[in-house]
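Student: My structure is below; once you've seen it, I'll send some questions.
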Protein chains: 2
Amino acid sequence: MNDARPPQGAQAALRAVRLLKRFSIERPEMSLAELSKASGLNKTTTHRLLRALQSEALIDRNPATGAYCLGAGLMALGVQALASSDLRRRVRPVLRALARDSGETATLEVPVEDSMLILDEVAGRHVVGAAGNIGTRWPMHATSTGKAYLAFDDGCLERLSDKLHPLTPKTLTQREDFQAQIVDIRRRGFAMTVDELEDGFAAVATVIRGPLGDVQGALSIGGPTQRMDAARRAELGSVLCHAAMRLNPRF
Amino acid sequence: MNDARPPQGAQAALRAVRLLKRFSIERPEMSLAELSKASGLNKTTTHRLLRALQSEALIDRNPATGAYCLGAGLMALGVQALASSDLRRRVRPVLRALARDSGETATLEVPVEDSMLILDEVAGRHVVGAAGNIGTRWPMHATSTGKAYLAFDDGCLERLSDKLHPLTPKTLTQREDFQAQIVDIRRRGFAMTVDELEDGFAAVATVIRGPLGDVQGALSIGGPTQRMDAARRAELGSVLCHAAMRLNPRF
DNA sequence: CTGCGATGTTTCATATTATGGCACGAAGCG
DNA sequence: CGCTTCGTGCCATAATATGAAACATCGCAG
């Protein structure tokens with residue numbers, strides 16, 4: 001999880017970024033008034049910021065309705081970010097090996113705020129290069145990778161929001177239960193989710209460390225819960241730990 | 001091509017965005033000093049903006065070197081932009097049909113500044129869903145889609161930079177030659193590139209219009225120049241025009 | 001046709017906010 | 001060890017962003 005407290009003297013930039021983040025799958029288009037109200041900004045200010053973003057192609061408008069939406073420039077930047085990810089390049093072959101050997105789907109994820117973002121993905125059997133979920137995010141507290149982060153990245157756990165909202169009946173929502181699992185994870189070396197993120201889905205995960213011991217990302221292997229009994233999870237967990245170890249430049 | 005002149009009173013936001021855009025494939029990581037010099041901003045100002053961007057996860061830092069790079073938050077936003085693109089959803093089936101019928105690769109592109117950005121892509125034969133180029137950009141003056149835009153979007157041509165830099169020996173670099181082609185394109189209804197973008201690659205393209213007659217994007221079909229003689233280009237051109245017509249909600 | 005209520009847009013005086021010169025501490029290098 | 005170059009913090013200045021209010025459009029209903 002990244003630190004960096006909000007700095008002084010760049011509020012306009014911050015507000016602009018926050019405006020961009022207000023868009024979601026459910027609300028891909030918003031009117032000026034909506035955006036203004038939702039972000040608590042003055043209508044004029046909102047308008048000015050949107051204009052600036054539009055001039056840089058990060059914001060676009062529906063020519064028919066005049067509604068604001070995310071622009072094509074963001075796509076370009078996003079792809080740029082993806083392409084220049086050194087981590088992704090380095091881990092890619094490992095991901096492929098994991099998917100091949102286990103037959104399940106392997107992912108590389110990084111934290112973004114309270115979520116884990118899928119940076120890369122290799123599906124197990126069937127579809128080979130399918131990367132349909134790259135760029136999507138899942139709540140940190142319900143994913144195996146998120147738990148791994150929380151357990152192994154210093155100070156990460158403290159920053160976790162107290163609101164652990166349930167995604168399934170099995171999702172952990174009590175801080176104490178969570179804390180207990182974290183202890184297990186630290187001892188075991190890898191984390192897991194069983195039906196906590198989505199019913200019928202289970203995964204194991206561990207973190208990747210850089211040369212300085214810093215946590216750079218998390219690896220996971222996941223599939224249908226039926227194929228993921230305790231024994232299989234343990235086996236995949238150790239495979240994962242081995243892979244993560246070999247990714248550390250110190251070894 | 002989008003209008004929207006740079007507004008007043010949002011310079012901080014503009015500067016922040018411009019900082020993000022300074023990163024490229026060649027320079028995925030930059031130091032504070034480099035960024036500061038390259039963007040002409042004061043070192044302190046640059047630092048403050050980067051901090052703000054980092055706190056929103058749009059900027060990340062290499063923990064070993066301290067160098068700045070694009071952050072994971074940008075990926076999330078980019079994917080968001082892609083997913084919420086109504087145009088893409090609408091055109092997707094048409095793209096598939098074009099690729100299937102022609103056997104060549106079909107793309108949907110939109111303008112971003114002086115480039116055309118690939119919003120969606122369906123490959124012809126072999127690899128079916130391969131979308132390896134989504135999000136990449138090509139100079140407007142050397143692509144078939146770019147030429148289509150320049151010919152059919154009002155005021156677009158005037159905004160074209162005077163600097164037409166060559167990508168191959170065949171790239172048009174003289175404004176007069178270009179102007180002449182534009183006339184042809186307008187009459188013909190579709191544009192083409194033959195070895196102008198990359199040697200051995202040819203494509204035809206036309207624009208998609210919205211209900212108000214506004215240009216929303218451009219479609220292209222492209223492949224190896226050998227398979228793309230004049231007769232084939234004419235045939236594919238009319239196929240393309242037909243597809244574009246059917247995409248217009250008025251018909 | 002007319003008035004109402006909503007939208008997006010522009011203007012402008014105000015003071016909040018961003019700015020950049022300067023200085024400091026820490027690495028990296030000769 | 002001194003020199004350079006890096007990222008970072010401080011602070012007075014003024015340039016910049018801000019938000020109230022007014023304007024311009026549009027769709028809708030009386």
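In the structure tokens, each chain is lettered A, B, ... as it comes, each chain's residues begin at 1, and ligands are numbered from 1 in order of appearance.
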Just want the 12 Å neighbourhood of C:DA27, counted on only C-alpha atoms (C1' of nucleotides), with same-chain residues fewer than 3 positions away dropped. Output as a ChimeraX atom specification.
Tutor: /B:65-66 /D:4-7
Student: Please produce a file of those selected residues containing all heavy atoms, as a JSON list (two decimals), in the first residue's frame.
Tutor:
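Contents of out_32.json, freshly written:
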```json
[["chain", "number", "residue", "atom", "x", "y", "z"],
["B", 65, "THR", "N", 15.44, 3.51, -6.75],
["B", 65, "THR", "CA", 16.10, 4.70, -7.31],
["B", 65, "THR", "C", 15.40, 6.00, -6.91],
["B", 65, "THR", "O", 16.00, 7.07, -7.00],
["B", 65, "THR", "CB", 16.14, 4.62, -8.83],
["B", 65, "THR", "OG1", 14.78, 4.71, -9.33],
["B", 65, "THR", "CG2", 16.73, 3.31, -9.31],
["B", 66, "GLY", "N", 14.13, 5.92, -6.52],
["B", 66, "GLY", "CA", 13.39, 7.13, -6.21],
["B", 66, "GLY", "C", 12.83, 7.80, -7.43],
["B", 66, "GLY", "O", 12.22, 8.86, -7.34],
["D", 4, "DT", "P", 31.40, 22.17, -7.81],
["D", 4, "DT", "OP1", 31.90, 22.85, -9.01],
["D", 4, "DT", "OP2", 30.88, 22.93, -6.67],
["D", 4, "DT", "O5'", 30.28, 21.13, -8.27],
["D", 4, "DT", "C5'", 30.66, 19.99, -9.07],
["D", 4, "DT", "C4'", 29.55, 18.96, -9.05],
["D", 4, "DT", "O4'", 29.41, 18.41, -7.72],
["D", 4, "DT", "C3'", 28.16, 19.50, -9.43],
["D", 4, "DT", "O3'", 27.70, 18.79, -10.57],
["D", 4, "DT", "C2'", 27.29, 19.24, -8.21],
["D", 4, "DT", "C1'", 28.05, 18.15, -7.49],
["D", 4, "DT", "N1", 27.84, 18.12, -6.01],
["D", 4, "DT", "C2", 27.32, 16.99, -5.43],
["D", 4, "DT", "O2", 27.02, 16.00, -6.06],
["D", 4, "DT", "N3", 27.19, 17.06, -4.06],
["D", 4, "DT", "C4", 27.50, 18.14, -3.24],
["D", 4, "DT", "O4", 27.34, 18.07, -2.03],
["D", 4, "DT", "C5", 28.03, 19.29, -3.92],
["D", 4, "DT", "C7", 28.40, 20.51, -3.14],
["D", 4, "DT", "C6", 28.17, 19.23, -5.26],
["D", 5, "DT", "P", 26.39, 19.28, -11.31],
["D", 5, "DT", "OP1", 26.57, 18.97, -12.74],
["D", 5, "DT", "OP2", 26.07, 20.65, -10.87],
["D", 5, "DT", "O5'", 25.26, 18.31, -10.72],
["D", 5, "DT", "C5'", 25.47, 16.89, -10.73],
["D", 5, "DT", "C4'", 24.35, 16.23, -9.95],
["D", 5, "DT", "O4'", 24.61, 16.33, -8.53],
["D", 5, "DT", "C3'", 22.99, 16.87, -10.18],
["D", 5, "DT", "O3'", 22.03, 15.88, -10.53],
["D", 5, "DT", "C2'", 22.64, 17.50, -8.84],
["D", 5, "DT", "C1'", 23.41, 16.60, -7.88],
["D", 5, "DT", "N1", 23.70, 17.26, -6.57],
["D", 5, "DT", "C2", 23.55, 16.52, -5.42],
["D", 5, "DT", "O2", 23.22, 15.35, -5.42],
["D", 5, "DT", "N3", 23.85, 17.20, -4.27],
["D", 5, "DT", "C4", 24.24, 18.53, -4.15],
["D", 5, "DT", "O4", 24.46, 19.03, -3.06],
["D", 5, "DT", "C5", 24.36, 19.24, -5.40],
["D", 5, "DT", "C7", 24.77, 20.68, -5.40],
["D", 5, "DT", "C6", 24.09, 18.59, -6.54],
["D", 6, "DC", "P", 20.55, 16.31, -10.96],
["D", 6, "DC", "OP1", 20.22, 15.59, -12.20],
["D", 6, "DC", "OP2", 20.46, 17.79, -10.87],
["D", 6, "DC", "O5'", 19.67, 15.69, -9.77],
["D", 6, "DC", "C5'", 19.76, 14.29, -9.51],
["D", 6, "DC", "C4'", 19.36, 14.01, -8.08],
["D", 6, "DC", "O4'", 20.25, 14.71, -7.20],
["D", 6, "DC", "C3'", 17.99, 14.54, -7.68],
["D", 6, "DC", "O3'", 16.99, 13.60, -8.03],
["D", 6, "DC", "C2'", 18.12, 14.64, -6.18],
["D", 6, "DC", "C1'", 19.61, 14.87, -5.96],
["D", 6, "DC", "N1", 19.95, 16.22, -5.43],
["D", 6, "DC", "C2", 19.93, 16.43, -4.05],
["D", 6, "DC", "O2", 19.65, 15.48, -3.30],
["D", 6, "DC", "N3", 20.25, 17.66, -3.58],
["D", 6, "DC", "C4", 20.55, 18.65, -4.42],
["D", 6, "DC", "N4", 20.86, 19.85, -3.91],
["D", 6, "DC", "C5", 20.56, 18.45, -5.83],
["D", 6, "DC", "C6", 20.25, 17.23, -6.29],
["D", 7, "DG", "P", 15.51, 14.10, -8.13],
["D", 7, "DG", "OP1", 14.71, 13.04, -8.79],
["D", 7, "DG", "OP2", 15.55, 15.44, -8.68],
["D", 7, "DG", "O5'", 15.07, 14.19, -6.61],
["D", 7, "DG", "C5'", 14.92, 12.97, -5.88],
["D", 7, "DG", "C4'", 14.71, 13.28, -4.41],
["D", 7, "DG", "O4'", 15.65, 14.27, -3.99],
["D", 7, "DG", "C3'", 13.32, 13.83, -4.08],
["D", 7, "DG", "O3'", 12.84, 13.21, -2.90],
["D", 7, "DG", "C2'", 13.57, 15.32, -3.86],
["D", 7, "DG", "C1'", 14.99, 15.33, -3.33],
["D", 7, "DG", "N9", 15.70, 16.55, -3.63],
["D", 7, "DG", "C8", 15.96, 17.09, -4.86],
["D", 7, "DG", "N7", 16.63, 18.21, -4.81],
["D", 7, "DG", "C5", 16.82, 18.43, -3.46],
["D", 7, "DG", "C6", 17.48, 19.49, -2.79],
["D", 7, "DG", "O6", 18.04, 20.47, -3.30],
["D", 7, "DG", "N1", 17.44, 19.33, -1.41],
["D", 7, "DG", "C2", 16.84, 18.27, -0.76],
["D", 7, "DG", "N2", 16.89, 18.28, 0.57],
["D", 7, "DG", "N3", 16.22, 17.27, -1.38],
["D", 7, "DG", "C4", 16.25, 17.42, -2.72]]
```
Student: Taking only C-alpha atoms (C1' of nucleotides) into account, which residues of chain A are within 10 Å of chain D, as a list of chain:residue names?
Tutor: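 Those within range of chain D come out as A:Gln11, A:Ala12, A:Leu41, A:Asn42, A:Lys43, A:Thr44, A:Thr45, A:Arg48.
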Student: Give me a file of those residues, with N, CA, C and O atoms, as a tab-separated table (two decimals), in the first residue's frame.
Tutor:
```tsv
chain	number	residue	atom	x	y	z
A	11	GLN	N	-4.11	21.82	-4.55
A	11	GLN	CA	-5.50	21.42	-4.41
A	11	GLN	C	-6.23	21.36	-5.74
A	11	GLN	O	-7.08	20.50	-5.95
A	12	ALA	N	-5.88	22.25	-6.64
A	12	ALA	CA	-6.56	22.24	-7.94
A	12	ALA	C	-6.29	20.93	-8.67
A	12	ALA	O	-7.20	20.30	-9.21
A	41	LEU	N	-17.85	20.47	-4.91
A	41	LEU	CA	-17.18	21.65	-5.44
A	41	LEU	C	-18.21	22.63	-6.01
A	41	LEU	O	-19.30	22.24	-6.40
A	42	ASN	N	-17.81	23.85	-6.05
A	42	ASN	CA	-18.63	24.87	-6.66
A	42	ASN	C	-18.83	24.54	-8.14
A	42	ASN	O	-17.96	23.98	-8.79
A	43	LYS	N	-19.96	24.92	-8.66
A	43	LYS	CA	-20.27	24.61	-10.05
A	43	LYS	C	-19.24	25.24	-10.99
A	43	LYS	O	-18.77	24.60	-11.94
A	44	THR	N	-18.89	26.48	-10.71
A	44	THR	CA	-17.91	27.17	-11.55
A	44	THR	C	-16.57	26.45	-11.53
A	44	THR	O	-15.96	26.22	-12.58
A	45	THR	N	-16.12	26.13	-10.35
A	45	THR	CA	-14.84	25.44	-10.21
A	45	THR	C	-14.85	24.12	-10.96
A	45	THR	O	-13.92	23.80	-11.71
A	48	ARG	N	-14.59	24.70	-14.62
A	48	ARG	CA	-13.27	25.10	-15.06
A	48	ARG	C	-12.32	23.92	-15.11
A	48	ARG	O	-11.57	23.73	-16.07
```
Student: Stretch 79-232 of chain A: which residues are strand (DSSP E) by DSSP, as a PDB file with C-alpha atoms, in the first residue's frame?
Tutor:
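Produced file part15.pdb, reproduced below:
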```
ATOM      1  CA  THR A 105      -5.731 -18.679 -13.416  1.00  0.00           C
ATOM      2  CA  ALA A 106      -2.729 -16.733 -12.153  1.00  0.00           C
ATOM      3  CA  THR A 107      -2.694 -12.985 -11.561  1.00  0.00           C
ATOM      4  CA  LEU A 108      -0.312 -10.214 -10.647  1.00  0.00           C
ATOM      5  CA  GLU A 109      -1.875  -7.482  -8.572  1.00  0.00           C
ATOM      6  CA  VAL A 110      -0.932  -4.199  -6.985  1.00  0.00           C
ATOM      7  CA  PRO A 111      -2.723  -2.083  -4.406  1.00  0.00           C
ATOM      8  CA  VAL A 112      -4.606   1.043  -5.392  1.00  0.00           C
ATOM      9  CA  SER A 115      -8.448  -2.173  -3.681  1.00  0.00           C
ATOM     10  CA  MET A 116      -6.223  -4.618  -5.465  1.00  0.00           C
ATOM     11  CA  LEU A 117      -5.798  -3.889  -9.143  1.00  0.00           C
ATOM     12  CA  ILE A 118      -5.164  -6.719 -11.585  1.00  0.00           C
ATOM     13  CA  LEU A 119      -2.000  -5.752 -13.431  1.00  0.00           C
ATOM     14  CA  ASP A 120      -1.681  -8.965 -15.399  1.00  0.00           C
ATOM     15  CA  GLU A 121      -3.508 -12.235 -15.737  1.00  0.00           C
ATOM     16  CA  VAL A 122      -2.942 -15.600 -17.403  1.00  0.00           C
ATOM     17  CA  ARG A 137     -10.211  -3.792  -8.973  1.00  0.00           C
ATOM     18  CA  TRP A 138     -11.434  -5.771  -6.007  1.00  0.00           C
ATOM     19  CA  PRO A 139     -11.721  -4.768  -2.378  1.00  0.00           C
ATOM     20  CA  ALA A 191      -2.986 -15.858   2.161  1.00  0.00           C
ATOM     21  CA  MET A 192      -6.220 -17.325   0.875  1.00  0.00           C
ATOM     22  CA  THR A 193      -9.841 -16.461   0.131  1.00  0.00           C
ATOM     23  CA  VAL A 194     -12.540 -19.085   0.055  1.00  0.00           C
ATOM     24  CA  PHE A 201     -14.288 -18.856  -6.049  1.00  0.00           C
ATOM     25  CA  ALA A 202     -11.151 -19.579  -4.013  1.00  0.00           C
ATOM     26  CA  ALA A 203      -7.580 -18.370  -4.343  1.00  0.00           C
ATOM     27  CA  VAL A 204      -4.204 -18.325  -2.657  1.00  0.00           C
ATOM     28  CA  ALA A 205      -1.715 -15.468  -2.796  1.00  0.00           C
ATOM     29  CA  THR A 206       1.620 -14.170  -1.611  1.00  0.00           C
ATOM     30  CA  VAL A 207       3.675 -11.032  -2.056  1.00  0.00           C
ATOM     31  CA  ILE A 208       6.651 -10.249  -4.273  1.00  0.00           C
ATOM     32  CA  ARG A 209       9.485  -8.356  -2.677  1.00  0.00           C
ATOM     33  CA  VAL A 215       6.616  -5.274  -1.228  1.00  0.00           C
ATOM     34  CA  GLN A 216       6.162  -4.693  -4.952  1.00  0.00           C
ATOM     35  CA  GLY A 217       3.054  -6.687  -5.747  1.00  0.00           C
ATOM     36  CA  ALA A 218       1.179  -9.888  -5.098  1.00  0.00           C
ATOM     37  CA  LEU A 219       0.766 -13.143  -7.000  1.00  0.00           C
ATOM     38  CA  SER A 220      -2.320 -15.287  -6.896  1.00  0.00           C
ATOM     39  CA  ILE A 221      -3.641 -18.579  -8.188  1.00  0.00           C
ATOM     40  CA  GLY A 222      -7.384 -18.986  -8.168  1.00  0.00           C
ATOM     41  CA  GLY A 223     -10.214 -21.164  -9.399  1.00  0.00           C
ATOM     42  CA  PRO A 224     -13.507 -22.833  -8.506  1.00  0.00           C
TER      43      PRO A 224
END
```
Student: Atom CA of A:Met75 to atom CA of A:Gln54: how many Å, to one decimal?
Tutor: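 Taking atom CA of A:Met75 and atom CA of A:Gln54, their separation equals 13.7 Å.
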Student: Counting only C-alpha atoms (C1' of nucleotides), what are the residues of chain C within 8 Å of chain A, and for each of them which pair of atoms is the nearest and at what distance in Å, to one decimal? Sort the table by chain and rising number, as a Markdown table.
Tutor:
```
| residue | atom | partner | partner_atom | distance |
| --- | --- | --- | --- | --- |
| C:DG8 | C1' | A:Leu32 | CA | 7.6 |
| C:DT17 | C1' | A:Gly9 | CA | 6.6 |
| C:DA18 | C1' | A:Gly9 | CA | 5.7 |
```
Student: Next, dump the selected residues to file, keeping only N, CA, C and O atoms (P, O5', C5', C4', C3', O3' and C1' of nucleotides), as an mmCIF file, in the first residue's frame.
Tutor:
```
data_model
loop_
_atom_site.group_PDB
_atom_site.id
_atom_site.type_symbol
_atom_site.label_atom_id
_atom_site.label_comp_id
_atom_site.auth_asym_id
_atom_site.auth_seq_id
_atom_site.Cartn_x
_atom_site.Cartn_y
_atom_site.Cartn_z
ATOM 1 P P DG C 8 -25.231 20.668 -16.679
ATOM 2 O "O5'" DG C 8 -24.663 21.782 -17.668
ATOM 3 C "C5'" DG C 8 -24.635 21.519 -19.075
ATOM 4 C "C4'" DG C 8 -24.287 22.787 -19.819
ATOM 5 C "C3'" DG C 8 -22.825 23.234 -19.688
ATOM 6 O "O3'" DG C 8 -22.371 23.735 -20.946
ATOM 7 C "C1'" DG C 8 -24.235 24.954 -18.918
ATOM 8 P P DT C 17 -7.720 27.926 0.077
ATOM 9 O "O5'" DT C 17 -6.645 27.771 -1.075
ATOM 10 C "C5'" DT C 17 -7.043 28.042 -2.420
ATOM 11 C "C4'" DT C 17 -5.832 28.216 -3.298
ATOM 12 C "C3'" DT C 17 -4.760 27.154 -3.087
ATOM 13 O "O3'" DT C 17 -4.592 26.471 -4.307
ATOM 14 C "C1'" DT C 17 -3.803 29.352 -3.139
ATOM 15 P P DA C 18 -3.611 25.253 -4.397
ATOM 16 O "O5'" DA C 18 -2.440 25.896 -5.259
ATOM 17 C "C5'" DA C 18 -2.754 26.342 -6.564
ATOM 18 C "C4'" DA C 18 -1.617 27.173 -7.113
ATOM 19 C "C3'" DA C 18 -0.326 26.403 -7.394
ATOM 20 O "O3'" DA C 18 0.184 26.867 -8.625
ATOM 21 C "C1'" DA C 18 0.110 28.195 -5.915
#
```
Student: Which residue out of B:Asn248, B:Thr173, B:Gln181, B:Ser55 has the minimum interatomic distance to chain A when only C-alpha atoms are used?
Tutor: B:Ser55
Student: Pull out every residue of chain B sitting within 7 Å of chain A, counting only C-alpha atoms, and send them as number ranges by chain.
Tutor: B: 4-7, 10, 12-14, 16, 24-25, 28, 48-49, 51-52, 54-55, 57, 70-82, 84, 112, 135-136
Student: Mind checking DSSP for stretch 21-190 of chain B and telling me the helix (DSSP H, G or I) residues as a ChimeraX atom specification?
Tutor: /B:21,32-39,43-55,72-83,86-102,140-142,144-152,156-159,175-188
Student: For atom CA of B:Leu95 and atom CA of B:Ala123, determine how far apart the two atoms are, in Å to one decimal place.
Tutor: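 These atoms are spaced 9.3 Å apart.
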Student: So the first atom is atom CA of A:Asp101 and the second is atom CA of A:Met140; what is the distance between them in Å, to one decimal place?
Tutor: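 Result for atom CA of A:Asp101 versus atom CA of A:Met140: 26.5 Å, one decimal.
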